[in-house]
>>> print(open('structure_38.pdb').read())   # PDB, C-alpha atoms and all ligand atoms
ATOM      1  CA  MET A   8     -18.514 -31.126   1.736  1.00  0.00           C
ATOM      2  CA  THR A   9     -15.318 -30.473   3.681  1.00  0.00           C
ATOM      3  CA  LYS A  10     -14.858 -27.155   5.471  1.00  0.00           C
ATOM      4  CA  PRO A  11     -12.262 -24.843   3.943  1.00  0.00           C
ATOM      5  CA  PRO A  12      -9.260 -24.209   6.210  1.00  0.00           C
ATOM      6  CA  VAL A  13      -9.721 -21.360   8.693  1.00  0.00           C
ATOM      7  CA  ARG A  14      -6.830 -19.445   7.189  1.00  0.00           C
ATOM      8  CA  THR A  15      -8.552 -19.330   3.811  1.00  0.00           C
ATOM      9  CA  LEU A  16     -11.752 -18.036   5.429  1.00  0.00           C
ATOM     10  CA  LEU A  17      -9.835 -15.248   7.166  1.00  0.00           C
ATOM     11  CA  ALA A  18      -8.117 -14.281   3.941  1.00  0.00           C
ATOM     12  CA  LEU A  19     -11.446 -14.249   2.102  1.00  0.00           C
ATOM     13  CA  SER A  20     -13.018 -12.112   4.843  1.00  0.00           C
ATOM     14  CA  ALA A  21     -10.155  -9.663   4.598  1.00  0.00           C
ATOM     15  CA  VAL A  22     -10.614  -9.416   0.842  1.00  0.00           C
ATOM     16  CA  ALA A  23     -14.354  -8.858   1.330  1.00  0.00           C
ATOM     17  CA  LEU A  24     -13.645  -6.109   3.869  1.00  0.00           C
ATOM     18  CA  ALA A  25     -11.078  -4.467   1.666  1.00  0.00           C
ATOM     19  CA  LEU A  26     -13.388  -4.547  -1.340  1.00  0.00           C
ATOM     20  CA  SER A  27     -16.470  -3.413   0.493  1.00  0.00           C
ATOM     21  CA  GLY A  28     -14.794  -0.584   2.420  1.00  0.00           C
ATOM     22  CA  CYS A  29     -17.991  -0.651   4.473  1.00  0.00           C
ATOM     23  CA  SER A  30     -17.561   0.527   8.042  1.00  0.00           C
ATOM     24  CA  ALA A  31     -20.867  -1.020   9.184  1.00  0.00           C
ATOM     25  CA  MET A  32     -19.664  -4.418   8.045  1.00  0.00           C
ATOM     26  CA  LYS A  33     -16.272  -3.845   9.633  1.00  0.00           C
ATOM     27  CA  ASP A  34     -17.956  -2.899  12.923  1.00  0.00           C
ATOM     28  CA  GLY A  35     -19.809  -6.214  12.818  1.00  0.00           C
ATOM     29  CA  PHE A  36     -16.510  -7.968  13.448  1.00  0.00           C
ATOM     30  CA  GLY A  37     -16.355  -6.423  16.925  1.00  0.00           C
ATOM     31  CA  ALA A  38     -13.367  -7.639  18.851  1.00  0.00           C
ATOM     32  CA  VAL A  39     -11.439  -8.747  15.800  1.00  0.00           C
ATOM     33  CA  LYS A  40     -11.916  -5.366  14.099  1.00  0.00           C
ATOM     34  CA  GLU A  41      -8.379  -4.113  14.827  1.00  0.00           C
ATOM     35  CA  GLY A  42      -6.830  -7.347  13.670  1.00  0.00           C
ATOM     36  CA  MET A  43      -8.841  -7.378  10.495  1.00  0.00           C
ATOM     37  CA  GLY A  44      -8.006  -3.726   9.918  1.00  0.00           C
ATOM     38  CA  SER A  45      -4.296  -4.326  10.095  1.00  0.00           C
ATOM     39  CA  MET A  46      -4.652  -7.401   7.880  1.00  0.00           C
ATOM     40  CA  ARG A  47      -6.432  -5.211   5.363  1.00  0.00           C
ATOM     41  CA  ASP A  48      -3.622  -2.645   5.700  1.00  0.00           C
ATOM     42  CA  ARG A  49      -1.020  -5.315   4.952  1.00  0.00           C
ATOM     43  CA  MET A  50      -2.960  -6.623   1.976  1.00  0.00           C
ATOM     44  CA  MET A  51      -3.947  -3.259   0.505  1.00  0.00           C
ATOM     45  CA  GLY A  52      -0.985  -1.207   1.754  1.00  0.00           C
ATOM     46  CA  ASP A  53      -3.049   1.676   3.144  1.00  0.00           C
ATOM     47  CA  GLY A  54      -5.479   2.812   5.814  1.00  0.00           C
ATOM     48  CA  PRO A  55      -7.453   6.051   5.733  1.00  0.00           C
ATOM     49  CA  SER A  56      -5.447   8.981   4.396  1.00  0.00           C
ATOM     50  CA  ALA A  57      -5.682  12.723   3.948  1.00  0.00           C
ATOM     51  CA  THR A  58      -3.681  15.519   2.428  1.00  0.00           C
ATOM     52  CA  ALA A  59      -3.283  19.268   2.946  1.00  0.00           C
ATOM     53  CA  LYS A  60      -1.841  21.767   0.503  1.00  0.00           C
ATOM     54  CA  LEU A  61      -0.185  24.579   2.460  1.00  0.00           C
ATOM     55  CA  GLU A  62      -0.288  27.974   0.795  1.00  0.00           C
ATOM     56  CA  ALA A  63       1.473  31.152   1.901  1.00  0.00           C
ATOM     57  CA  THR A  64      -0.651  33.710   3.706  1.00  0.00           C
ATOM     58  CA  LYS A  65      -0.481  37.365   2.619  1.00  0.00           C
ATOM     59  CA  GLY A  66       3.068  38.683   2.489  1.00  0.00           C
ATOM     60  CA  ASN A  67       4.654  35.288   3.167  1.00  0.00           C
ATOM     61  CA  THR A  68       6.411  32.638   1.093  1.00  0.00           C
ATOM     62  CA  ALA A  69       5.985  29.264   2.824  1.00  0.00           C
ATOM     63  CA  SER A  70       4.118  26.532   0.968  1.00  0.00           C
ATOM     64  CA  GLY A  71       4.098  22.774   0.851  1.00  0.00           C
ATOM     65  CA  THR A  72       2.287  19.477   1.002  1.00  0.00           C
ATOM     66  CA  VAL A  73       1.455  17.403   4.052  1.00  0.00           C
ATOM     67  CA  THR A  74       0.108  13.866   3.907  1.00  0.00           C
ATOM     68  CA  PHE A  75      -1.572  11.917   6.701  1.00  0.00           C
ATOM     69  CA  GLN A  76      -1.911   8.152   6.817  1.00  0.00           C
ATOM     70  CA  GLN A  77      -3.661   6.233   9.569  1.00  0.00           C
ATOM     71  CA  HIS A  78      -2.111   2.952  10.734  1.00  0.00           C
ATOM     72  CA  GLY A  79      -4.277   1.517  13.508  1.00  0.00           C
ATOM     73  CA  GLN A  80      -3.943   3.848  16.509  1.00  0.00           C
ATOM     74  CA  HIS A  81      -1.372   6.123  14.854  1.00  0.00           C
ATOM     75  CA  VAL A  82      -1.565   8.744  12.165  1.00  0.00           C
ATOM     76  CA  MET A  83       1.720   9.141  10.296  1.00  0.00           C
ATOM     77  CA  VAL A  84       2.419  12.658   9.075  1.00  0.00           C
ATOM     78  CA  HIS A  85       4.810  13.518   6.258  1.00  0.00           C
ATOM     79  CA  ALA A  86       5.383  17.241   5.759  1.00  0.00           C
ATOM     80  CA  ARG A  87       7.361  18.863   2.943  1.00  0.00           C
ATOM     81  CA  VAL A  88       7.479  22.646   3.188  1.00  0.00           C
ATOM     82  CA  SER A  89       9.624  25.246   1.402  1.00  0.00           C
ATOM     83  CA  GLY A  90       9.909  29.024   1.520  1.00  0.00           C
ATOM     84  CA  LEU A  91      10.725  28.979   5.247  1.00  0.00           C
ATOM     85  CA  LYS A  92      13.361  31.073   6.992  1.00  0.00           C
ATOM     86  CA  PRO A  93      16.769  29.378   6.441  1.00  0.00           C
ATOM     87  CA  PHE A  94      17.582  27.392   9.596  1.00  0.00           C
ATOM     88  CA  GLY A  95      14.330  28.711  11.091  1.00  0.00           C
ATOM     89  CA  GLU A  96      12.156  26.744  13.484  1.00  0.00           C
ATOM     90  CA  HIS A  97       8.451  27.050  12.827  1.00  0.00           C
ATOM     91  CA  GLY A  98       5.532  26.072  15.052  1.00  0.00           C
ATOM     92  CA  PHE A  99       3.258  23.627  13.215  1.00  0.00           C
ATOM     93  CA  HIS A 100      -0.269  22.785  14.340  1.00  0.00           C
ATOM     94  CA  VAL A 101      -3.621  21.412  13.299  1.00  0.00           C
ATOM     95  CA  HIS A 102      -6.111  24.193  14.004  1.00  0.00           C
ATOM     96  CA  ASP A 103      -9.812  23.844  14.657  1.00  0.00           C
ATOM     97  CA  LYS A 104     -11.389  25.095  11.453  1.00  0.00           C
ATOM     98  CA  GLY A 105     -10.581  24.350   7.822  1.00  0.00           C
ATOM     99  CA  ASP A 106     -10.922  27.957   6.710  1.00  0.00           C
ATOM    100  CA  CYS A 107      -7.977  29.746   5.084  1.00  0.00           C
ATOM    101  CA  SER A 108     -10.148  32.362   3.360  1.00  0.00           C
ATOM    102  CA  SER A 109      -9.135  35.330   5.522  1.00  0.00           C
ATOM    103  CA  GLY A 110      -5.664  35.358   3.948  1.00  0.00           C
ATOM    104  CA  ASP A 111      -3.889  35.528   7.305  1.00  0.00           C
ATOM    105  CA  GLY A 112      -4.769  32.073   8.609  1.00  0.00           C
ATOM    106  CA  MET A 113      -6.818  33.505  11.460  1.00  0.00           C
ATOM    107  CA  GLY A 114     -10.017  31.869  10.186  1.00  0.00           C
ATOM    108  CA  THR A 115      -8.687  28.491  11.330  1.00  0.00           C
ATOM    109  CA  GLY A 116      -9.286  29.461  14.966  1.00  0.00           C
ATOM    110  CA  GLY A 117      -7.244  27.956  17.795  1.00  0.00           C
ATOM    111  CA  HIS A 118      -5.435  24.631  18.027  1.00  0.00           C
ATOM    112  CA  PHE A 119      -7.557  21.531  17.428  1.00  0.00           C
ATOM    113  CA  ASN A 120      -8.392  20.434  20.966  1.00  0.00           C
ATOM    114  CA  PRO A 121     -11.317  17.996  21.138  1.00  0.00           C
ATOM    115  CA  THR A 122     -10.367  16.676  24.581  1.00  0.00           C
ATOM    116  CA  GLY A 123      -9.807  19.968  26.432  1.00  0.00           C
ATOM    117  CA  GLN A 124      -6.064  19.559  27.071  1.00  0.00           C
ATOM    118  CA  PRO A 125      -3.489  22.324  27.618  1.00  0.00           C
ATOM    119  CA  HIS A 126      -1.008  23.211  24.841  1.00  0.00           C
ATOM    120  CA  GLY A 127       2.162  21.161  25.112  1.00  0.00           C
ATOM    121  CA  PRO A 128       4.833  18.886  23.632  1.00  0.00           C
ATOM    122  CA  GLN A 129       4.158  15.355  22.388  1.00  0.00           C
ATOM    123  CA  HIS A 130       5.498  13.692  25.550  1.00  0.00           C
ATOM    124  CA  ALA A 131       3.142  15.578  27.908  1.00  0.00           C
ATOM    125  CA  GLU A 132      -0.492  16.692  27.944  1.00  0.00           C
ATOM    126  CA  HIS A 133      -1.142  18.471  24.661  1.00  0.00           C
ATOM    127  CA  HIS A 134      -3.794  19.530  22.191  1.00  0.00           C
ATOM    128  CA  ALA A 135      -4.611  16.825  19.630  1.00  0.00           C
ATOM    129  CA  GLY A 136      -3.434  19.363  17.021  1.00  0.00           C
ATOM    130  CA  ASP A 137      -0.021  20.032  18.606  1.00  0.00           C
ATOM    131  CA  MET A 138       2.839  18.676  16.512  1.00  0.00           C
ATOM    132  CA  PRO A 139       6.645  18.760  16.343  1.00  0.00           C
ATOM    133  CA  ALA A 140       7.985  22.011  14.866  1.00  0.00           C
ATOM    134  CA  LEU A 141       9.329  22.306  11.315  1.00  0.00           C
ATOM    135  CA  LYS A 142      13.089  22.911  11.177  1.00  0.00           C
ATOM    136  CA  ALA A 143      14.268  24.484   7.953  1.00  0.00           C
ATOM    137  CA  ASP A 144      17.580  23.751   6.240  1.00  0.00           C
ATOM    138  CA  VAL A 145      19.910  26.282   4.634  1.00  0.00           C
ATOM    139  CA  GLU A 146      17.507  26.616   1.691  1.00  0.00           C
ATOM    140  CA  GLY A 147      14.465  27.194   3.883  1.00  0.00           C
ATOM    141  CA  LYS A 148      13.095  23.731   3.237  1.00  0.00           C
ATOM    142  CA  ALA A 149      11.839  21.292   5.853  1.00  0.00           C
ATOM    143  CA  GLU A 150      10.876  17.669   5.485  1.00  0.00           C
ATOM    144  CA  VAL A 151       9.718  15.765   8.531  1.00  0.00           C
ATOM    145  CA  ARG A 152       7.883  12.555   9.380  1.00  0.00           C
ATOM    146  CA  PHE A 153       6.290  11.820  12.743  1.00  0.00           C
ATOM    147  CA  HIS A 154       3.249  10.090  14.148  1.00  0.00           C
ATOM    148  CA  LEU A 155       0.318  11.412  16.128  1.00  0.00           C
ATOM    149  CA  THR A 156      -1.848   9.516  18.580  1.00  0.00           C
ATOM    150  CA  GLY A 157      -5.396  10.298  19.676  1.00  0.00           C
ATOM    151  CA  VAL A 158      -6.520  11.439  16.229  1.00  0.00           C
ATOM    152  CA  THR A 159      -8.307   9.758  13.323  1.00  0.00           C
ATOM    153  CA  LEU A 160      -8.829  10.407   9.611  1.00  0.00           C
ATOM    154  CA  GLY A 161     -12.154  10.681   7.850  1.00  0.00           C
ATOM    155  CA  ASP A 162     -14.310   8.785  10.368  1.00  0.00           C
ATOM    156  CA  GLY A 163     -16.379  11.853  11.304  1.00  0.00           C
ATOM    157  CA  GLY A 164     -15.586  11.328  15.002  1.00  0.00           C
ATOM    158  CA  PRO A 165     -14.568  14.036  17.498  1.00  0.00           C
ATOM    159  CA  ALA A 166     -10.842  13.484  16.862  1.00  0.00           C
ATOM    160  CA  ASP A 167     -11.106  13.438  13.060  1.00  0.00           C
ATOM    161  CA  LEU A 168      -8.431  15.616  11.433  1.00  0.00           C
ATOM    162  CA  ALA A 169     -10.282  15.785   8.113  1.00  0.00           C
ATOM    163  CA  GLY A 170     -11.760  19.209   7.465  1.00  0.00           C
ATOM    164  CA  ARG A 171      -9.440  20.902   9.986  1.00  0.00           C
ATOM    165  CA  GLY A 172      -6.940  23.665   9.297  1.00  0.00           C
ATOM    166  CA  LEU A 173      -3.160  23.285   9.165  1.00  0.00           C
ATOM    167  CA  ILE A 174      -0.915  26.194  10.094  1.00  0.00           C
ATOM    168  CA  VAL A 175       2.809  26.960   9.841  1.00  0.00           C
ATOM    169  CA  HIS A 176       3.920  29.805  12.129  1.00  0.00           C
ATOM    170  CA  ALA A 177       6.646  32.426  11.692  1.00  0.00           C
ATOM    171  CA  GLY A 178       8.511  31.416  14.861  1.00  0.00           C
ATOM    172  CA  PRO A 179       9.210  28.449  17.133  1.00  0.00           C
ATOM    173  CA  ASP A 180       6.616  26.871  19.411  1.00  0.00           C
ATOM    174  CA  ASP A 181       7.709  27.155  23.060  1.00  0.00           C
ATOM    175  CA  TYR A 182       5.258  24.335  24.001  1.00  0.00           C
ATOM    176  CA  GLN A 183       4.492  26.292  27.158  1.00  0.00           C
ATOM    177  CA  THR A 184       2.570  29.503  26.484  1.00  0.00           C
ATOM    178  CA  GLN A 185      -1.179  28.831  26.722  1.00  0.00           C
ATOM    179  CA  PRO A 186      -2.990  28.163  24.529  1.00  0.00           C
ATOM    180  CA  THR A 187      -0.818  28.946  21.489  1.00  0.00           C
ATOM    181  CA  GLY A 188       2.861  28.158  22.125  1.00  0.00           C
ATOM    182  CA  ASN A 189       3.557  31.801  21.170  1.00  0.00           C
ATOM    183  CA  ALA A 190       4.751  30.839  17.702  1.00  0.00           C
ATOM    184  CA  GLY A 191       3.877  34.137  16.057  1.00  0.00           C
ATOM    185  CA  ALA A 192       2.129  34.952  12.783  1.00  0.00           C
ATOM    186  CA  ARG A 193       0.507  32.324  10.593  1.00  0.00           C
ATOM    187  CA  ILE A 194       2.687  32.163   7.474  1.00  0.00           C
ATOM    188  CA  ALA A 195       1.050  29.236   5.665  1.00  0.00           C
ATOM    189  CA  CYS A 196      -2.428  27.749   5.809  1.00  0.00           C
ATOM    190  CA  GLY A 197      -4.059  24.604   4.448  1.00  0.00           C
ATOM    191  CA  VAL A 198      -7.147  22.443   4.869  1.00  0.00           C
ATOM    192  CA  ILE A 199      -6.821  18.742   5.655  1.00  0.00           C
ATOM    193  CA  GLU A 200      -8.897  16.802   3.143  1.00  0.00           C
ATOM    194  CA  ALA A 201      -9.632  13.083   3.373  1.00  0.00           C
ATOM    195  CA  THR A 202      -8.397  11.218   0.328  1.00  0.00           C
ATOM    196  CA  ARG A 203      -9.358   7.716   1.473  1.00  0.00           C
ATOM    197  CA  ARG A 204     -11.677   6.772   4.342  1.00  0.00           C
TER     198      ARG A 204
HETATM  199 CU    CU A 301      -0.817  27.068  15.294  1.00  0.00          CU
HETATM  200 ZN    ZN A 302      -1.652  23.594  21.039  1.00  0.00          ZN
END
>>> encode(input="structure_38.pdb", output="structure tokens")
Amino acid sequence: MTKPPVRTLLALSAVALALSGCSAMKDGFGAVKEGMGSMRDRMMGDGPSATAKLEATKGNTASGTVTFQQHGQHVMVHARVSGLKPFGEHGFHVHDKGDCSSGDGMGTGGHFNPTGQPHGPQHAEHHAGDMPALKADVEGKAEVRFHLTGVTLGDGGPADLAGRGLIVHAGPDDYQTQPTGNAGARIACGVIEATRR
């Protein structure tokens, strides 16, 4: 019997990985794991994903939907938020705990910071949960897409965003004041929930 071409074997392996969705099996591929992962992404269109529904805290109006999609080492974030201050700039962070029950967002604790970094902008040392601010248009709506590094989705590891809180603040993040960025009250709160691991 003749051996099937290598390319066919790779394609079959990728299909098996995609169908199994089994991380133990994926880990077995060791060094080729990343390559196989991105092949799976190309074939299936998606890596792990998560979503958060932002709801206004007491006395506030901001709400929205934020989706997270992991592509290899990056997590792409797509935020759509309305009910903001027209032309306002609003600090936007992943906070430690996925608990919005207190009604003021305070139950989410501080910024998600699994690696013990200071608060800061994306281009310098920063908390894993620090993100670019939301900038509202004339109607108080903001839509933004950006990517985060150093975080994962749904793998249960220390940098996993799933199960964490998501907060929109009343004011801008100065990216300097420790450890909060001095962005003011928490006007919307959500919990990041894995939708695909
Ligand atoms: Cu915050
Ligand atoms: Zn921070």
>>> closest_atom_pairs(input="structure_38.pdb", of="chain A", to="ligand CU 301 (chain A)", cutoff="8 Å", atoms="only C-alpha atoms and all ligand atoms", output="CSV")
residue,atom,partner,partner_atom,distance
A:Gly98,CA,A:CU301,CU,6.4
A:Phe99,CA,A:CU301,CU,5.7
A:His100,CA,A:CU301,CU,4.4
A:Val101,CA,A:CU301,CU,6.6
A:His102,CA,A:CU301,CU,6.2
A:Gly117,CA,A:CU301,CU,7.0
A:His118,CA,A:CU301,CU,5.9
A:Asp137,CA,A:CU301,CU,7.8
A:Leu173,CA,A:CU301,CU,7.6
A:Ile174,CA,A:CU301,CU,5.3
A:Val175,CA,A:CU301,CU,6.5
A:His176,CA,A:CU301,CU,6.3
A:Thr187,CA,A:CU301,CU,6.5
A:Gly188,CA,A:CU301,CU,7.8
A:Ala190,CA,A:CU301,CU,7.1
A:Arg193,CA,A:CU301,CU,7.2
>>> residues_around(input="structure_38.pdb", residues="Leu61 (chain A)", least_positions_apart="2", cutoff="7 Å", atoms="only C-alpha atoms", output="ChimeraX atom specification")
/A:59,63,70-72,195-197
>>> residues_around(input="structure_38.pdb", residues="Asp144 (chain A)", least_positions_apart="4", cutoff="12 Å", atoms="only C-alpha atoms", output="PyMOL selection string")
chain A and resi 87-97+148-151
>>> resolve_selection(input="structure_38.pdb", expression="the PyMOL selection byres (((chain A and resi 106) around 8) and not hetatm)", output="PyMOL selection string")
chain A and resi 104-105+107-109+112+114-115+171-172+197-198
>>> resolve_selection(input="structure_38.pdb", expression="the PyMOL selection byres (((chain A and resi 121) around 8) and not hetatm)", output="list of chain:residue names")
A:Phe119, A:Asn120, A:Thr122, A:Gly123, A:His134, A:Ala135, A:Pro165, A:Ala166
>>> closest_residue(input="structure_38.pdb", among="A:Ile194, A:Gly136, A:His130, A:Ala86", to="Thr159 (chain A)", atoms="only C-alpha atoms")
A:Gly136
>>> closest_residue(input="structure_38.pdb", among="A:Pro179, A:Pro139, A:Pro186, A:Gly170", to="Ile199 (chain A)", atoms="only C-alpha atoms")
A:Gly170
>>> closest_residue(input="structure_38.pdb", among="A:Gly79, A:Gly147, A:Gly191, A:Pro128", to="Gly54 (chain A)", atoms="all atoms listed in the file")
A:Gly79
>>> atom_distance(input="structure_38.pdb", atom1="CA of Gln129 (chain A)", atom2="CA of Asp167 (chain A)")
18.0 Å
>>> residues_around(input="structure_38.pdb", residues="Val84 (chain A)", least_positions_apart="5", cutoff="10 Å", atoms="all atoms listed in the file", output="list in words")
Ser56, Ala57, Thr58, Val73, Thr74, Phe75, Gln76, Gln77, Met138, Val151, Arg152, Phe153, His154 and Leu155 of chain A
>>> closest_residue(input="structure_38.pdb", among="A:Met83, A:Ala169, A:Met113, A:Ala140", to="ligand ZN 302 (chain A)", atoms="all atoms listed in the file")
A:Ala140
>>> closest_residue(input="structure_38.pdb", among="A:Glu146, A:Gln124, A:Gly161, A:Ala192", to="ligand ZN 302 (chain A)", atoms="only C-alpha atoms and all ligand atoms")
A:Gln124
>>> resolve_selection(input="structure_38.pdb", expression="the PyMOL selection byres (((chain A and resi 156) around 7) and not hetatm)", output="NGL selection string")
:A and (80-82 or 154-155 or 157-158)
>>> closest_residue(input="structure_38.pdb", among="A:Asp53, A:Asp111, A:Asp180, A:Glu62", to="ligand ZN 302 (chain A)", atoms="only C-alpha atoms and all ligand atoms")
A:Asp180
>>> atom_distance(input="structure_38.pdb", atom1="CA of Pro125 (chain A)", atom2="CA of Lys142 (chain A)")
23.4 Å
>>> atom_distance(input="structure_38.pdb", atom1="CA of Thr202 (chain A)", atom2="CA of Pro55 (chain A)")
7.5 Å
>>> axis_aligned_box(input="structure_38.pdb", around="region 181-194 of chain A", padding_each_side="3 Å", output="JSON")
{"center_x": 2.4, "center_y": 29.6, "center_z": 17.3, "size_x": 16.7, "size_y": 16.6, "size_z": 25.7}
